[in-house]
Amino acid sequence: MAFRKRTSHPVQAGSLIIGGNAPVSIQGMTKTKTADLRQTLNQIHSIQNAGADIIRLAIRDRDDLTAFKLLRKKTTLTLVADIHFQSELALGAIKAGADKIRLNPGNIKNPEQLKKIIKEAKKRKIAIRVGVNSGSLPPHLHPLPGGARSVDASHLTSPHKGEEFLGVASPRKGKEFNPVIPFFSPSPQRGEGGGEGDELSLAHAMVSAAKNYLNIFEAEDFRNLVVSLKSSSVRTAILANRIFRQQFDYPLHLGITESGRGNLALVKSAIGIGSLLEEGIGDTIRVSLSGPPEEEIEAGRQILQALGLRYFYPEIISCPTCGRCQVNLFKILEKVETGLKCLPGYPRDYAGIKIAVMGCEVNGPGEAAAADIGIAAGRKNGFLFTKGREIAKINEEELAPVLLREIRKLRKNRGRDKRSHSLG
Ligand code: SF4
């Protein structure tokens with residue numbers, strides 16, 4: 001398993017470590033009403049089977065909390081209780097055995113209540129995620145709409161009397177707030193209604209909000225924290241997480257909120273989450289899609305595998321075809337994909353094996369030189385190759401079956417794997 005150099009400190013959430021050198025974990029969230037025990041339990045199992053490492057449940061009221069207590073007993077998976085406004089629900093979830101709770105501390109207006117939550121979390125050694133969303137920033141931190149500008153956090157003050165925890169953090173030694181981001185050169189114009197300055201201002205405001213919340217936790221000597229800075233704008237989310245990482249080593253939960261569904265949502269999430277992970281930023285991810293939760297897990301896995309951070313499936317390298325292709329390559333590809341799914345131990349035992357299905361003998365092997373095993377089609381025949389080297393001539397009809405046979409042999413030979421998908 002490969003890792004980009006990450007700089008977060010490790011946080012324990014149940015049996016799972018988030019941050020440090022731990023593999024990037026994948027989170028899912030149930031979409032049922034938590035109080036509906038049967039539906040929620042089914043969905044927990046389904047999300048777990050899809051490959052989630054952590055599952056979050058919304059706790060909106062006492063009925064949800066009662067159900068959460070029962071659900072806790074039904075799974076050993078790391079469970080997160082998502083609380084928005086009521087501190088009693090947060091306390092109840094902690095006592096019920098939540099491994100982690102997700103809070104937007106700005107929604108819990110009484111600092112004493114928040115301190116009680118922190119005390120209980122500390123006592124039971126559970127983690128807290130401080131979640132900041134660009135759409136629900138405290139009003140005094142939200143930058144005004146329109147125009148390019150930057151936010152200097154040192155000028156921000158809380159208008160809420162008695163709510164010191166929403167005020168601006170006093171800079172700690174060596175962690176001064178730096179409103180300048182060195183990671184990119186701002187372009188002067190980015191089209192109407194979405195200027196660079198807006199994204200940057202919002203990103204800074206999000207980090208200011210996180211910083212202010214973190215001060216409360218740190219004042220109580222609580223550091224078992226994960227932070228999220230989410231936005232439906234890919235750039236805002238990227239900028240906010242970069243700025244945050246310059247100043248803090250808390251593990252980061254990455255996600256693009258309200259990304260929608262279908263290809264657009266997948267592209268937004270892959271770019272937002274993937275760009276940050278490639279920079280070594282991010283310790284746990286959740287792909288939010290308007291769709292079944294299992295699809296979110298699948299998308300999360302694809303992102304991690306595309307970056308080489310974890311491996312879950314064999315990787316198929318197939319060419320788009322062009323005028324040089326003289327076979328129906330898509331048909332062969334379909335046979336290989338279908339056949340793979342029928343192989344014993346699929347996908348786990350084949351995780352990370354690179355399989356090529358290429359449309360011509362001239363360029364195919366070279367373009368797929370990284371493949372562990374592959375086929376390149378010619379006219380009525382083709383050949384089998386490994387690492388770009390031809391190993392056998394094959395008739396066109398035999399291309400898919402021979403490839404599948406060779407893949408099975410690879411499974412036998414590779415032993416239990418370096419490219420494992422397990423978090424263990
Ligand atoms: S491998 Fe051959 S057929 Fe496929 S895109 Fe490249 S040149 Fe075209």
# chains A, B, ... in the order shown; residues from 1 in each chain; ligands from 1
call {"tool": "closest_atom_pairs", "arguments": {"of": "region 209-246 of chain A", "to": "region 118-128 of chain A", "cutoff": "7 Å", "atoms": "only C-alpha atoms", "output": "tab-separated table"}}
result
residue	atom	partner	partner_atom	distance
A:Phe222	CA	A:Lys122	CA	6.9
A:Asn224	CA	A:Ala127	CA	5.1
A:Leu225	CA	A:Ile128	CA	5.1
A:Val226	CA	A:Ile128	CA	6.3
call {"tool": "residues_near_ligand", "arguments": {"ligand": "ligand 1", "cutoff": "12 Å", "atoms": "only C-alpha atoms and all ligand atoms", "output": "JSON, numbers by chain"}}
result
{"A": [317, 318, 319, 320, 321, 322, 323, 324, 325, 326, 327, 328, 329, 330, 356, 357, 358, 359, 360, 361, 362, 363, 364, 365, 366, 367, 368, 369, 374, 375, 376, 377, 378, 379, 382]}
call {"tool": "residues_around", "arguments": {"residues": "Gly92 (chain A)", "least_positions_apart": "5", "cutoff": "9 Å", "atoms": "only C-alpha atoms", "output": "ChimeraX atom specification"}}
result
/A:62,65,69,87,97
call {"tool": "write_last_selection", "arguments": {"atoms": "C-alpha atoms", "output": "mmCIF file, in the first residue's frame"}}
result
data_model
loop_
_atom_site.group_PDB
_atom_site.id
_atom_site.type_symbol
_atom_site.label_atom_id
_atom_site.label_comp_id
_atom_site.auth_asym_id
_atom_site.auth_seq_id
_atom_site.Cartn_x
_atom_site.Cartn_y
_atom_site.Cartn_z
ATOM 1 C CA ARG A 62 -34.884 10.898 21.015
ATOM 2 C CA LEU A 65 -31.096 8.042 19.805
ATOM 3 C CA LYS A 69 -28.338 2.474 21.152
ATOM 4 C CA SER A 87 -26.270 18.793 23.131
ATOM 5 C CA GLY A 97 -21.356 3.848 22.440
#
call {"tool": "closest_residue", "arguments": {"among": "A:Lys409, A:Lys74, A:Ala299, A:Arg38", "to": "Ala50 (chain A)", "atoms": "only C-alpha atoms"}}
result
A:Ala299
call {"tool": "residues_around", "arguments": {"residues": "region 285-293 of chain A", "least_positions_apart": "6", "cutoff": "6 Å", "atoms": "only C-alpha atoms", "output": "PyMOL selection string"}}
result
chain A and resi 26-27+253-255+260-261+300
call {"tool": "write_last_selection", "arguments": {"atoms": "N, CA and C atoms", "output": "CSV table (one decimal), in the first residue's frame"}}
result
chain,number,residue,atom,x,y,z
A,26,ILE,N,-12.8,5.0,4.3
A,26,ILE,CA,-13.9,5.4,3.5
A,26,ILE,C,-15.2,5.4,4.4
A,27,GLN,N,-15.9,6.5,4.4
A,27,GLN,CA,-17.1,6.7,5.2
A,27,GLN,C,-18.3,6.6,4.3
A,253,HIS,N,-11.2,15.1,7.2
A,253,HIS,CA,-12.3,14.3,6.6
A,253,HIS,C,-12.6,15.1,5.3
A,254,LEU,N,-12.4,14.5,4.1
A,254,LEU,CA,-12.7,15.2,2.9
A,254,LEU,C,-14.0,14.9,2.2
A,255,GLY,N,-14.6,15.9,1.6
A,255,GLY,CA,-15.8,15.6,0.8
A,255,GLY,C,-16.2,16.9,0.1
A,260,GLY,N,-24.5,16.4,-6.1
A,260,GLY,CA,-25.5,16.0,-7.1
A,260,GLY,C,-25.3,14.5,-7.3
A,261,ARG,N,-25.6,14.1,-8.6
A,261,ARG,CA,-25.5,12.7,-8.9
A,261,ARG,C,-25.0,12.5,-10.3
A,300,GLY,N,-15.8,6.1,-3.6
A,300,GLY,CA,-14.6,6.4,-2.7
A,300,GLY,C,-13.5,5.4,-3.0
call {"tool": "closest_residue", "arguments": {"among": "A:Lys115, A:Ile47, A:Pro23, A:Arg129", "to": "Asp82 (chain A)", "atoms": "only C-alpha atoms"}}
result
A:Arg129
call {"tool": "closest_residue", "arguments": {"among": "A:Asn21, A:Thr257, A:Thr338, A:Ser228", "to": "Leu103 (chain A)", "atoms": "only C-alpha atoms"}}
result
A:Ser228
call {"tool": "atom_distance", "arguments": {"atom1": "CA of Pro314 (chain A)", "atom2": "CA of Lys354 (chain A)"}}
result
6.1 Å
call {"tool": "select_by_dssp", "arguments": {"residues": "region 283-332 of chain A", "states": "alpha helix (DSSP H)", "output": "PyMOL selection string"}}
result
chain A and resi 293-306+329-332
call {"tool": "write_last_selection", "arguments": {"atoms": "C-alpha atoms", "output": "PDB file, in the first residue's frame"}}
result
ATOM      1  CA  PRO A 293     -25.124   4.952  -0.211  1.00  0.00           C
ATOM      2  CA  GLU A 294     -23.388   1.900  -1.684  1.00  0.00           C
ATOM      3  CA  GLU A 295     -22.537   3.980  -4.761  1.00  0.00           C
ATOM      4  CA  GLU A 296     -20.757   6.474  -2.519  1.00  0.00           C
ATOM      5  CA  ILE A 297     -18.531   3.724  -1.155  1.00  0.00           C
ATOM      6  CA  GLU A 298     -17.806   2.401  -4.628  1.00  0.00           C
ATOM      7  CA  ALA A 299     -16.845   5.916  -5.768  1.00  0.00           C
ATOM      8  CA  GLY A 300     -14.611   6.359  -2.710  1.00  0.00           C
ATOM      9  CA  ARG A 301     -12.841   3.114  -3.489  1.00  0.00           C
ATOM     10  CA  GLN A 302     -12.341   4.098  -7.104  1.00  0.00           C
ATOM     11  CA  ILE A 303     -10.786   7.416  -6.044  1.00  0.00           C
ATOM     12  CA  LEU A 304      -8.366   5.738  -3.629  1.00  0.00           C
ATOM     13  CA  GLN A 305      -7.427   3.064  -6.131  1.00  0.00           C
ATOM     14  CA  ALA A 306      -6.933   5.571  -8.956  1.00  0.00           C
ATOM     15  CA  LEU A 329     -12.873  -4.691 -28.873  1.00  0.00           C
ATOM     16  CA  PHE A 330     -15.795  -3.602 -26.706  1.00  0.00           C
ATOM     17  CA  LYS A 331     -17.329  -7.067 -27.044  1.00  0.00           C
ATOM     18  CA  ILE A 332     -14.071  -8.702 -25.959  1.00  0.00           C
TER      19      ILE A 332
END
call {"tool": "closest_residue", "arguments": {"among": "A:Arg411, A:Gly20, A:Arg6, A:Leu276", "to": "Tyr346 (chain A)", "atoms": "only C-alpha atoms"}}
result
A:Arg411
call {"tool": "closest_residue", "arguments": {"among": "A:Val234, A:Leu239, A:Ala209, A:Ala370", "to": "Ile256 (chain A)", "atoms": "only C-alpha atoms"}}
result
A:Val234
call {"tool": "atom_distance", "arguments": {"atom1": "CA of Pro344 (chain A)", "atom2": "CA of Leu384 (chain A)"}}
result
22.0 Å
call {"tool": "closest_residue", "arguments": {"among": "A:Leu37, A:Ala400, A:Leu252, A:Ile281", "to": "Ile18 (chain A)", "atoms": "only C-alpha atoms"}}
result
A:Leu252
call {"tool": "atom_distance", "arguments": {"atom1": "CA of Gly352 (chain A)", "atom2": "CA of Leu410 (chain A)"}}
result
11.5 Å
